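Undergrad: This one is upload-v3.tsv, TSV, C-alpha atoms and all ligand atoms.
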chain	number	residue	atom	x	y	z
U	2	MET	CA	2.13	-23.85	6.41
U	3	ASN	CA	0.23	-26.46	8.43
U	4	ASP	CA	-1.86	-29.23	6.83
U	5	GLN	CA	-4.87	-26.88	6.48
U	6	GLY	CA	-2.82	-24.33	4.55
U	7	PHE	CA	-2.54	-21.81	7.40
U	8	SER	CA	0.79	-19.96	7.65
U	9	GLU	CA	2.67	-19.63	10.96
U	10	GLU	CA	1.67	-15.96	10.97
U	11	THR	CA	-2.04	-16.80	10.64
U	12	LEU	CA	-1.84	-19.42	13.37
U	13	GLU	CA	-0.14	-16.87	15.63
U	14	TRP	CA	-3.05	-14.42	15.19
U	15	GLU	CA	-5.57	-17.25	15.49
U	16	SER	CA	-4.44	-17.89	19.06
U	17	ARG	CA	-4.56	-14.23	20.14
U	18	ILE	CA	-7.47	-12.58	18.32
U	19	VAL	CA	-11.10	-12.93	19.39
U	20	LEU	CA	-13.76	-12.79	16.67
U	21	SER	CA	-17.24	-11.62	17.70
U	22	SER	CA	-20.31	-9.75	16.53
U	23	MET	CA	-20.02	-5.96	16.72
U	24	SER	CA	-21.90	-4.31	19.59
U	25	MET	CA	-22.63	-0.71	20.54
U	26	THR	CA	-19.63	-0.64	22.90
U	27	ASP	CA	-17.34	-1.13	19.87
U	28	LEU	CA	-18.64	2.04	18.16
U	29	PRO	CA	-16.16	4.68	19.43
U	30	GLU	CA	-13.16	2.54	18.46
U	31	ALA	CA	-14.69	1.61	15.09
U	32	VAL	CA	-15.32	5.28	14.23
U	33	GLU	CA	-11.75	6.09	15.27
U	34	ILE	CA	-10.46	3.46	12.82
U	35	GLU	CA	-12.72	4.85	10.07
U	36	ARG	CA	-11.16	8.31	10.58
U	37	THR	CA	-7.88	6.86	9.31
U	38	THR	CA	-9.35	5.37	6.13
U	39	ILE	CA	-9.42	7.42	2.93
U	40	TYR	CA	-12.17	5.78	0.91
U	41	SER	CA	-15.80	6.37	2.00
U	42	PRO	CA	-15.30	6.20	5.80
U	43	TRP	CA	-18.32	4.99	7.78
U	44	SER	CA	-20.07	7.10	10.41
U	45	GLY	CA	-21.18	5.79	13.80
U	46	GLU	CA	-24.77	5.76	12.50
U	47	MET	CA	-23.82	3.41	9.66
U	48	PHE	CA	-22.37	0.88	12.10
U	49	GLN	CA	-25.31	1.41	14.47
U	50	LYS	CA	-27.83	0.52	11.73
U	51	GLU	CA	-26.03	-2.79	11.07
U	52	ILE	CA	-25.80	-3.58	14.80
U	53	GLU	CA	-29.51	-2.86	15.32
U	54	ALA	CA	-30.38	-5.00	12.27
U	55	ARG	CA	-28.31	-7.80	13.85
U	56	ASN	CA	-26.43	-8.25	10.59
U	57	PRO	CA	-24.58	-11.58	10.99
U	58	GLY	CA	-22.00	-10.31	8.48
U	59	LEU	CA	-20.69	-7.65	10.89
U	60	LYS	CA	-17.74	-9.03	12.87
U	61	THR	CA	-15.01	-7.56	15.03
U	62	PHE	CA	-11.48	-8.68	15.79
U	63	ARG	CA	-10.21	-7.90	19.29
U	64	LEU	CA	-6.79	-8.31	20.80
U	65	LYS	CA	-7.28	-8.21	24.57
U	66	ASN	CA	-9.28	-5.00	25.05
U	67	ARG	CA	-8.41	-3.35	21.73
U	68	LEU	CA	-10.52	-3.33	18.60
U	69	VAL	CA	-8.03	-4.14	15.85
U	70	GLY	CA	-10.41	-4.50	12.91
U	71	TYR	CA	-13.76	-5.56	11.49
U	72	PHE	CA	-15.60	-6.51	8.34
U	73	CYS	CA	-19.18	-5.99	7.27
U	74	PHE	CA	-21.07	-7.64	4.42
U	75	TRP	CA	-24.67	-8.08	3.39
U	76	LYS	CA	-25.94	-11.49	2.41
U	77	VAL	CA	-28.02	-11.23	-0.78
U	78	LEU	CA	-29.33	-14.67	-1.79
U	79	ASN	CA	-26.17	-16.81	-1.93
U	80	GLU	CA	-23.80	-13.85	-2.34
U	81	ALA	CA	-21.90	-11.70	0.16
U	82	HIS	CA	-21.51	-8.04	-0.73
U	83	LEU	CA	-18.52	-6.77	1.23
U	84	LEU	CA	-19.24	-3.21	2.41
U	85	ASN	CA	-16.38	-2.58	4.79
U	86	LEU	CA	-13.17	-4.18	5.98
U	87	ALA	CA	-10.55	-2.29	7.94
U	88	LEU	CA	-7.75	-2.63	10.45
U	89	HIS	CA	-6.49	-0.18	13.03
U	90	ALA	CA	-3.44	1.63	11.58
U	91	ASP	CA	-1.19	0.13	14.32
U	92	PHE	CA	-2.05	-3.37	13.08
U	93	ARG	CA	-1.67	-2.92	9.30
U	94	GLY	CA	1.11	-4.59	7.37
U	95	LYS	CA	1.43	-7.46	9.89
U	96	GLY	CA	-0.44	-10.17	8.01
U	97	LEU	CA	-3.68	-9.49	9.84
U	98	GLY	CA	-5.40	-8.56	6.57
U	99	ARG	CA	-4.88	-12.12	5.34
U	100	PHE	CA	-6.16	-13.43	8.67
U	101	MET	CA	-9.33	-11.32	8.36
U	102	MET	CA	-9.92	-12.55	4.80
U	103	ARG	CA	-9.72	-16.15	5.97
U	104	ASN	CA	-12.26	-15.43	8.69
U	105	LEU	CA	-14.49	-13.58	6.23
U	106	GLU	CA	-14.52	-16.65	3.98
U	107	GLN	CA	-15.18	-18.97	6.89
U	108	THR	CA	-18.11	-16.82	8.08
U	109	CYS	CA	-19.52	-16.79	4.52
U	110	LYS	CA	-19.25	-20.56	4.20
U	111	GLU	CA	-21.06	-21.03	7.51
U	112	MET	CA	-23.86	-18.84	6.08
U	113	GLU	CA	-23.98	-20.98	2.89
U	114	ILE	CA	-22.66	-18.17	0.73
U	115	SER	CA	-20.99	-19.24	-2.50
U	116	LYS	CA	-19.64	-15.95	-3.85
U	117	ILE	CA	-18.10	-12.78	-2.34
U	118	LEU	CA	-18.27	-9.49	-4.26
U	119	LEU	CA	-16.46	-6.27	-3.40
U	120	GLU	CA	-15.41	-2.85	-4.67
U	121	VAL	CA	-11.96	-1.44	-4.08
U	122	ALA	CA	-10.47	1.92	-5.10
U	123	GLU	CA	-8.03	1.62	-7.99
U	124	THR	CA	-5.38	3.44	-5.87
U	125	ASN	CA	-5.80	1.24	-2.78
U	126	TYR	CA	-2.83	-0.93	-3.72
U	127	VAL	CA	-2.50	-2.75	-0.37
U	128	ALA	CA	-6.16	-3.80	-0.38
U	129	ILE	CA	-5.99	-4.84	-4.07
U	130	LYS	CA	-2.93	-6.97	-3.30
U	131	LEU	CA	-4.65	-8.49	-0.28
U	132	TYR	CA	-7.74	-9.40	-2.33
U	133	LYS	CA	-5.72	-10.79	-5.27
U	134	ASN	CA	-3.60	-12.87	-2.89
U	135	SER	CA	-6.83	-14.14	-1.33
U	136	GLY	CA	-8.09	-15.43	-4.69
U	137	PHE	CA	-10.28	-12.54	-5.88
U	138	PHE	CA	-10.49	-11.65	-9.58
U	139	LYS	CA	-11.33	-8.36	-11.27
U	140	VAL	CA	-14.75	-8.55	-12.93
U	141	GLY	CA	-15.43	-4.89	-13.78
U	142	ILE	CA	-14.93	-1.19	-13.14
U	143	ARG	CA	-17.22	1.49	-11.71
U	144	LYS	CA	-16.11	4.85	-13.07
U	145	ARG	CA	-15.47	7.63	-10.49
U	146	PHE	CA	-17.16	5.55	-7.77
U	147	TYR	CA	-15.38	7.31	-4.88
U	148	GLN	CA	-16.68	10.88	-4.60
U	149	GLU	CA	-13.94	12.05	-2.20
U	150	THR	CA	-11.07	11.16	-4.54
U	151	GLY	CA	-12.72	10.67	-7.94
U	152	ASP	CA	-11.14	7.20	-8.11
U	153	ASP	CA	-12.65	4.38	-10.12
U	154	ALA	CA	-13.69	1.27	-8.20
U	155	ILE	CA	-12.46	-2.13	-9.29
U	156	LEU	CA	-15.13	-4.80	-8.87
U	157	MET	CA	-13.75	-8.12	-7.67
U	158	GLU	CA	-15.27	-11.46	-6.83
U	159	LYS	CA	-14.38	-14.86	-5.46
U	160	ARG	CA	-16.35	-18.07	-5.71
U	161	LEU	CA	-16.16	-20.16	-2.55
U	162	GLN	CA	-15.78	-23.89	-2.43
U	163	ARG	CA	-18.12	-25.79	-0.15
U	164	CYS	CA	-16.68	-26.94	3.23
W	1	LIG	C1	-6.63	-3.11	3.49
W	1	LIG	C2	-6.14	-3.60	4.84
W	1	LIG	C3	-7.26	-4.32	5.59
W	1	LIG	C4	-5.00	-4.62	4.55
W	1	LIG	O1	-4.51	-5.12	5.79
W	1	LIG	P1	-2.93	-5.26	6.05
W	1	LIG	O2	-2.70	-5.84	7.38
W	1	LIG	O3	-2.32	-3.93	5.81
W	1	LIG	O4	-2.63	-6.34	4.99
W	1	LIG	P2	-1.49	-7.43	4.99
W	1	LIG	O5	-0.39	-7.12	5.99
W	1	LIG	O6	-2.14	-8.76	5.09
W	1	LIG	O7	-0.88	-7.16	3.55
W	1	LIG	C5	-1.58	-7.40	2.37
W	1	LIG	C6	-0.57	-7.36	1.22
W	1	LIG	O8	-0.15	-6.02	0.96
W	1	LIG	C7	1.25	-5.88	1.18
W	1	LIG	N1	1.47	-4.62	1.88
W	1	LIG	C8	1.14	-4.33	3.15
W	1	LIG	N2	1.46	-3.05	3.42
W	1	LIG	C9	2.02	-2.55	2.29
W	1	LIG	C10	2.54	-1.27	1.93
W	1	LIG	N3	2.54	-0.24	2.78
W	1	LIG	N4	2.99	-1.11	0.65
W	1	LIG	C11	2.98	-2.13	-0.23
W	1	LIG	N5	2.49	-3.37	0.05
W	1	LIG	C12	2.02	-3.56	1.29
W	1	LIG	C13	1.67	-7.05	2.03
W	1	LIG	O9	3.03	-7.40	1.83
W	1	LIG	C14	0.71	-8.13	1.55
W	1	LIG	O10	1.16	-8.70	0.34
W	1	LIG	P3	1.89	-10.15	0.37
W	1	LIG	O11	0.88	-11.11	0.96
W	1	LIG	O12	2.18	-10.41	-1.08
W	1	LIG	O13	3.11	-9.99	1.21
W	1	LIG	C15	-5.57	-2.46	5.73
W	1	LIG	O14	-4.47	-1.88	5.09
W	1	LIG	C16	-6.60	-1.38	6.04
W	1	LIG	O15	-7.33	-1.48	7.02
W	1	LIG	N6	-6.65	-0.32	5.23
W	1	LIG	C17	-7.62	0.78	5.44
W	1	LIG	C18	-9.05	0.36	5.11
W	1	LIG	C19	-9.16	-0.16	3.70
W	1	LIG	O16	-8.59	0.40	2.77
W	1	LIG	N7	-9.95	-1.23	3.55
W	1	LIG	C20	-10.22	-1.85	2.26
W	1	LIG	C21	-11.47	-1.26	1.67
W	1	LIG	S1	-11.83	-2.01	0.09
Any chance you could give the structure as structure tokens?
TA:
Amino acid sequence: MNDQGFSEETLEWESRIVLSSMSMTDLPEAVEIERTTIYSPWSGEMFQKEIEARNPGLKTFRLKNRLVGYFCFWKVLNEAHLLNLALHADFRGKGLGRFMMRNLEQTCKEMEISKILLEVAETNYVAIKLYKNSGFFKVGIRKRFYQETGDDAILMEKRLQRC
């Protein structure tokens, strides 16, 4: 860990990954990533709507010319509602999830957001672990939230400290 609490792994990604707003040219790669996710995958139109609305909570992570992941949230008053967060299958399990969560928090703080809320499928153990390790707490359950699998959603939240 360095003096800001970043692990070596996070610092390694920090130097190689470029964070930017999603644009229309990212769409084919984003839809390809969504095809590999089980829970409520997004269509190209869903991304397109957010791009056209210039949602500042829609960010991509690129390694050279490859889209490795993205997150999307809506700002509602002082809260962020996380709608999507995913990594390309080739880049999962390498600590990049933690890196994305740090960037999500940083983006939220810059937008004066004080709380992040999300839903995660009860069987999505990797994502649940990632969120718990990132300081999120369970605050409720939505029964049979995911139509494709019939899974319940766990509602989680994290309060952010001011910069
Ligand atoms: C959820 C997702 C972003 C997590 O990213 P990731 O790179 O796989 O996450 P990390 O490597 O940072 O790992 C997160 C934690 O899960 C653990 N983990 C990773 N892969 C695992 C596996 N296959 N089995 C068990 N634990 C695993 C890691 O060890 C880590 O825990 P630790 O910090 O205690 O070591 C990624 O898996 C993904 O894109 N999944 C598909 C989309 C999705 O489900 N999004 C979430 C919607 S709510």
Undergrad: Please check which protein, DNA or RNA residues sit within 10 Å of ligand LIG 1 (chain W), counting only C-alpha atoms and all ligand atoms, and write them as an mmCIF file with C-alpha atoms, keeping the file's coordinate frame.
TA:
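Everything below was put into out.cif:
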data_model
loop_
_atom_site.group_PDB
_atom_site.id
_atom_site.type_symbol
_atom_site.label_atom_id
_atom_site.label_comp_id
_atom_site.auth_asym_id
_atom_site.auth_seq_id
_atom_site.Cartn_x
_atom_site.Cartn_y
_atom_site.Cartn_z
ATOM 1 C CA THR U 11 -2.040 -16.800 10.640
ATOM 2 C CA ILE U 34 -10.460 3.460 12.820
ATOM 3 C CA GLU U 35 -12.720 4.850 10.070
ATOM 4 C CA ARG U 36 -11.160 8.310 10.580
ATOM 5 C CA THR U 37 -7.880 6.860 9.310
ATOM 6 C CA THR U 38 -9.350 5.370 6.130
ATOM 7 C CA ILE U 39 -9.420 7.420 2.930
ATOM 8 C CA TYR U 40 -12.170 5.780 0.910
ATOM 9 C CA SER U 41 -15.800 6.370 2.000
ATOM 10 C CA PRO U 42 -15.300 6.200 5.800
ATOM 11 C CA VAL U 69 -8.030 -4.140 15.850
ATOM 12 C CA GLY U 70 -10.410 -4.500 12.910
ATOM 13 C CA TYR U 71 -13.760 -5.560 11.490
ATOM 14 C CA PHE U 72 -15.600 -6.510 8.340
ATOM 15 C CA LEU U 83 -18.520 -6.770 1.230
ATOM 16 C CA LEU U 84 -19.240 -3.210 2.410
ATOM 17 C CA ASN U 85 -16.380 -2.580 4.790
ATOM 18 C CA LEU U 86 -13.170 -4.180 5.980
ATOM 19 C CA ALA U 87 -10.550 -2.290 7.940
ATOM 20 C CA LEU U 88 -7.750 -2.630 10.450
ATOM 21 C CA HIS U 89 -6.490 -0.180 13.030
ATOM 22 C CA ALA U 90 -3.440 1.630 11.580
ATOM 23 C CA ASP U 91 -1.190 0.130 14.320
ATOM 24 C CA PHE U 92 -2.050 -3.370 13.080
ATOM 25 C CA ARG U 93 -1.670 -2.920 9.300
ATOM 26 C CA GLY U 94 1.110 -4.590 7.370
ATOM 27 C CA LYS U 95 1.430 -7.460 9.890
ATOM 28 C CA GLY U 96 -0.440 -10.170 8.010
ATOM 29 C CA LEU U 97 -3.680 -9.490 9.840
ATOM 30 C CA GLY U 98 -5.400 -8.560 6.570
ATOM 31 C CA ARG U 99 -4.880 -12.120 5.340
ATOM 32 C CA PHE U 100 -6.160 -13.430 8.670
ATOM 33 C CA MET U 101 -9.330 -11.320 8.360
ATOM 34 C CA MET U 102 -9.920 -12.550 4.800
ATOM 35 C CA LEU U 119 -16.460 -6.270 -3.400
ATOM 36 C CA GLU U 120 -15.410 -2.850 -4.670
ATOM 37 C CA VAL U 121 -11.960 -1.440 -4.080
ATOM 38 C CA ALA U 122 -10.470 1.920 -5.100
ATOM 39 C CA GLU U 123 -8.030 1.620 -7.990
ATOM 40 C CA THR U 124 -5.380 3.440 -5.870
ATOM 41 C CA ASN U 125 -5.800 1.240 -2.780
ATOM 42 C CA TYR U 126 -2.830 -0.930 -3.720
ATOM 43 C CA VAL U 127 -2.500 -2.750 -0.370
ATOM 44 C CA ALA U 128 -6.160 -3.800 -0.380
ATOM 45 C CA ILE U 129 -5.990 -4.840 -4.070
ATOM 46 C CA LYS U 130 -2.930 -6.970 -3.300
ATOM 47 C CA LEU U 131 -4.650 -8.490 -0.280
ATOM 48 C CA TYR U 132 -7.740 -9.400 -2.330
ATOM 49 C CA LYS U 133 -5.720 -10.790 -5.270
ATOM 50 C CA ASN U 134 -3.600 -12.870 -2.890
ATOM 51 C CA SER U 135 -6.830 -14.140 -1.330
ATOM 52 C CA ALA U 154 -13.690 1.270 -8.200
ATOM 53 C CA ILE U 155 -12.460 -2.130 -9.290
ATOM 54 C CA LEU U 156 -15.130 -4.800 -8.870
#
Undergrad: With a distance cut-off of 9 Å and all atoms listed in the file, select the neighbouring residues of Pro57 in chain U, excluding the residue or stretch itself and same-chain residues fewer than 2 positions from it, and output the selection as a list in words.
TA: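 Contacts, in chain order: Ser22, Glu51, Ile52, Ala54, Arg55, Leu59, Lys60, Cys73, Phe74, Trp75, Lys76, Thr108 and Met112 of chain U.
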Undergrad: Taking into account only C-alpha atoms, which residue in the set U:Gln148, U:Gln162, U:Asn56, U:Thr26 is nearest to Val77 in chain U?
TA: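 That would be U:Asn56, the residue with the smallest distance to Val77 in chain U.
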Undergrad: Have a look at CA of Ile142 in chain U and CA of Asn104 in chain U and let me know their distance in Å, one decimal.
TA: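 Spanning CA of Ile142 in chain U to CA of Asn104 in chain U is a straight-line distance of 26.2 Å.
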Undergrad: Which one of U:Ser115, U:Arg17, U:Gly151, U:Met157 sits closest to Lys139 in chain U if you count only C-alpha atoms?
TA: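 For Lys139 in chain U, the nearest of the candidates is U:Met157.
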Undergrad: What lies within 10 Å of Ser44 in chain U using only C-alpha atoms, ignoring chain neighbours under 5 positions off, as a PyMOL selection string?
TA: chain U and resi 28+31-33+35-36+49
Undergrad: Within 10 Å of Cys109 in chain U, counting only C-alpha atoms, which residues qualify if same-chain residues fewer than 2 places away don't, as a list in words?
TA: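 Here the answer would be Pro57, Gly58, Phe74, Lys76, Asn79, Glu80, Ala81, Arg103, Asn104, Leu105, Glu106, Gln107, Glu111, Met112, Glu113, Ile114, Ser115, Lys116, Ile117 and Leu161 of chain U.
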Undergrad: Using C-alpha atoms, can you write the selected residues to a file as a CSV table (one decimal), in the coordinates of the input?
TA:
chain,number,residue,atom,x,y,z
U,57,PRO,CA,-24.6,-11.6,11.0
U,58,GLY,CA,-22.0,-10.3,8.5
U,74,PHE,CA,-21.1,-7.6,4.4
U,76,LYS,CA,-25.9,-11.5,2.4
U,79,ASN,CA,-26.2,-16.8,-1.9
U,80,GLU,CA,-23.8,-13.8,-2.3
U,81,ALA,CA,-21.9,-11.7,0.2
U,103,ARG,CA,-9.7,-16.2,6.0
U,104,ASN,CA,-12.3,-15.4,8.7
U,105,LEU,CA,-14.5,-13.6,6.2
U,106,GLU,CA,-14.5,-16.6,4.0
U,107,GLN,CA,-15.2,-19.0,6.9
U,111,GLU,CA,-21.1,-21.0,7.5
U,112,MET,CA,-23.9,-18.8,6.1
U,113,GLU,CA,-24.0,-21.0,2.9
U,114,ILE,CA,-22.7,-18.2,0.7
U,115,SER,CA,-21.0,-19.2,-2.5
U,116,LYS,CA,-19.6,-16.0,-3.8
U,117,ILE,CA,-18.1,-12.8,-2.3
U,161,LEU,CA,-16.2,-20.2,-2.6
Undergrad: Which distance in Å separates CA of Leu20 in chain U and CA of Thr61 in chain U, to one decimal?
TA: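 Between CA of Leu20 in chain U and CA of Thr61 in chain U the gap works out to 5.6 Å.
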Undergrad: To one decimal place in Å, what is the distance between CA of Asp27 in chain U and CA of Gly45 in chain U?
TA: 10.0 Å
Undergrad: From the structure block, carefully write range 139-152 of chain U out with N, CA and C atoms; format it as a PDB file, in the first residue's frame.
TA:
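Output file decode_5.pdb is given in full below:
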ATOM      1  N   LYS U 139     -25.185  -4.422   3.077  1.00  0.00           N
ATOM      2  CA  LYS U 139     -26.515  -4.854   2.639  1.00  0.00           C
ATOM      3  C   LYS U 139     -27.565  -4.025   3.374  1.00  0.00           C
ATOM      4  N   VAL U 140     -28.530  -3.486   2.622  1.00  0.00           N
ATOM      5  CA  VAL U 140     -29.583  -2.688   3.266  1.00  0.00           C
ATOM      6  C   VAL U 140     -30.988  -3.222   2.941  1.00  0.00           C
ATOM      7  N   GLY U 141     -31.071  -4.268   2.105  1.00  0.00           N
ATOM      8  CA  GLY U 141     -32.388  -4.826   1.805  1.00  0.00           C
ATOM      9  C   GLY U 141     -32.319  -5.894   0.733  1.00  0.00           C
ATOM     10  N   ILE U 142     -33.498  -6.397   0.399  1.00  0.00           N
ATOM     11  CA  ILE U 142     -33.630  -7.480  -0.605  1.00  0.00           C
ATOM     12  C   ILE U 142     -34.783  -7.114  -1.530  1.00  0.00           C
ATOM     13  N   ARG U 143     -34.613  -7.355  -2.825  1.00  0.00           N
ATOM     14  CA  ARG U 143     -35.750  -7.281  -3.757  1.00  0.00           C
ATOM     15  C   ARG U 143     -36.002  -8.689  -4.272  1.00  0.00           C
ATOM     16  N   LYS U 144     -37.158  -9.225  -3.906  1.00  0.00           N
ATOM     17  CA  LYS U 144     -37.491 -10.610  -4.225  1.00  0.00           C
ATOM     18  C   LYS U 144     -37.628 -10.819  -5.734  1.00  0.00           C
ATOM     19  N   ARG U 145     -36.994 -11.892  -6.248  1.00  0.00           N
ATOM     20  CA  ARG U 145     -37.101 -12.299  -7.666  1.00  0.00           C
ATOM     21  C   ARG U 145     -36.924 -11.122  -8.629  1.00  0.00           C
ATOM     22  N   PHE U 146     -35.928 -10.301  -8.355  1.00  0.00           N
ATOM     23  CA  PHE U 146     -35.670  -9.078  -9.121  1.00  0.00           C
ATOM     24  C   PHE U 146     -35.195  -9.399 -10.540  1.00  0.00           C
ATOM     25  N   TYR U 147     -34.410 -10.487 -10.675  1.00  0.00           N
ATOM     26  CA  TYR U 147     -33.831 -10.821 -11.982  1.00  0.00           C
ATOM     27  C   TYR U 147     -34.735 -11.823 -12.693  1.00  0.00           C
ATOM     28  N   GLN U 148     -35.404 -11.348 -13.753  1.00  0.00           N
ATOM     29  CA  GLN U 148     -36.384 -12.186 -14.452  1.00  0.00           C
ATOM     30  C   GLN U 148     -35.755 -13.418 -15.086  1.00  0.00           C
ATOM     31  N   GLU U 149     -34.513 -13.234 -15.644  1.00  0.00           N
ATOM     32  CA  GLU U 149     -33.876 -14.338 -16.376  1.00  0.00           C
ATOM     33  C   GLU U 149     -33.606 -15.537 -15.470  1.00  0.00           C
ATOM     34  N   THR U 150     -33.215 -15.276 -14.221  1.00  0.00           N
ATOM     35  CA  THR U 150     -32.788 -16.357 -13.331  1.00  0.00           C
ATOM     36  C   THR U 150     -33.724 -16.562 -12.139  1.00  0.00           C
ATOM     37  N   GLY U 151     -34.584 -15.578 -11.879  1.00  0.00           N
ATOM     38  CA  GLY U 151     -35.472 -15.657 -10.712  1.00  0.00           C
ATOM     39  C   GLY U 151     -34.748 -15.318  -9.413  1.00  0.00           C
ATOM     40  N   ASP U 152     -33.498 -14.864  -9.526  1.00  0.00           N
ATOM     41  CA  ASP U 152     -32.721 -14.526  -8.320  1.00  0.00           C
ATOM     42  C   ASP U 152     -33.270 -13.293  -7.610  1.00  0.00           C
TER      43      ASP U 152
END
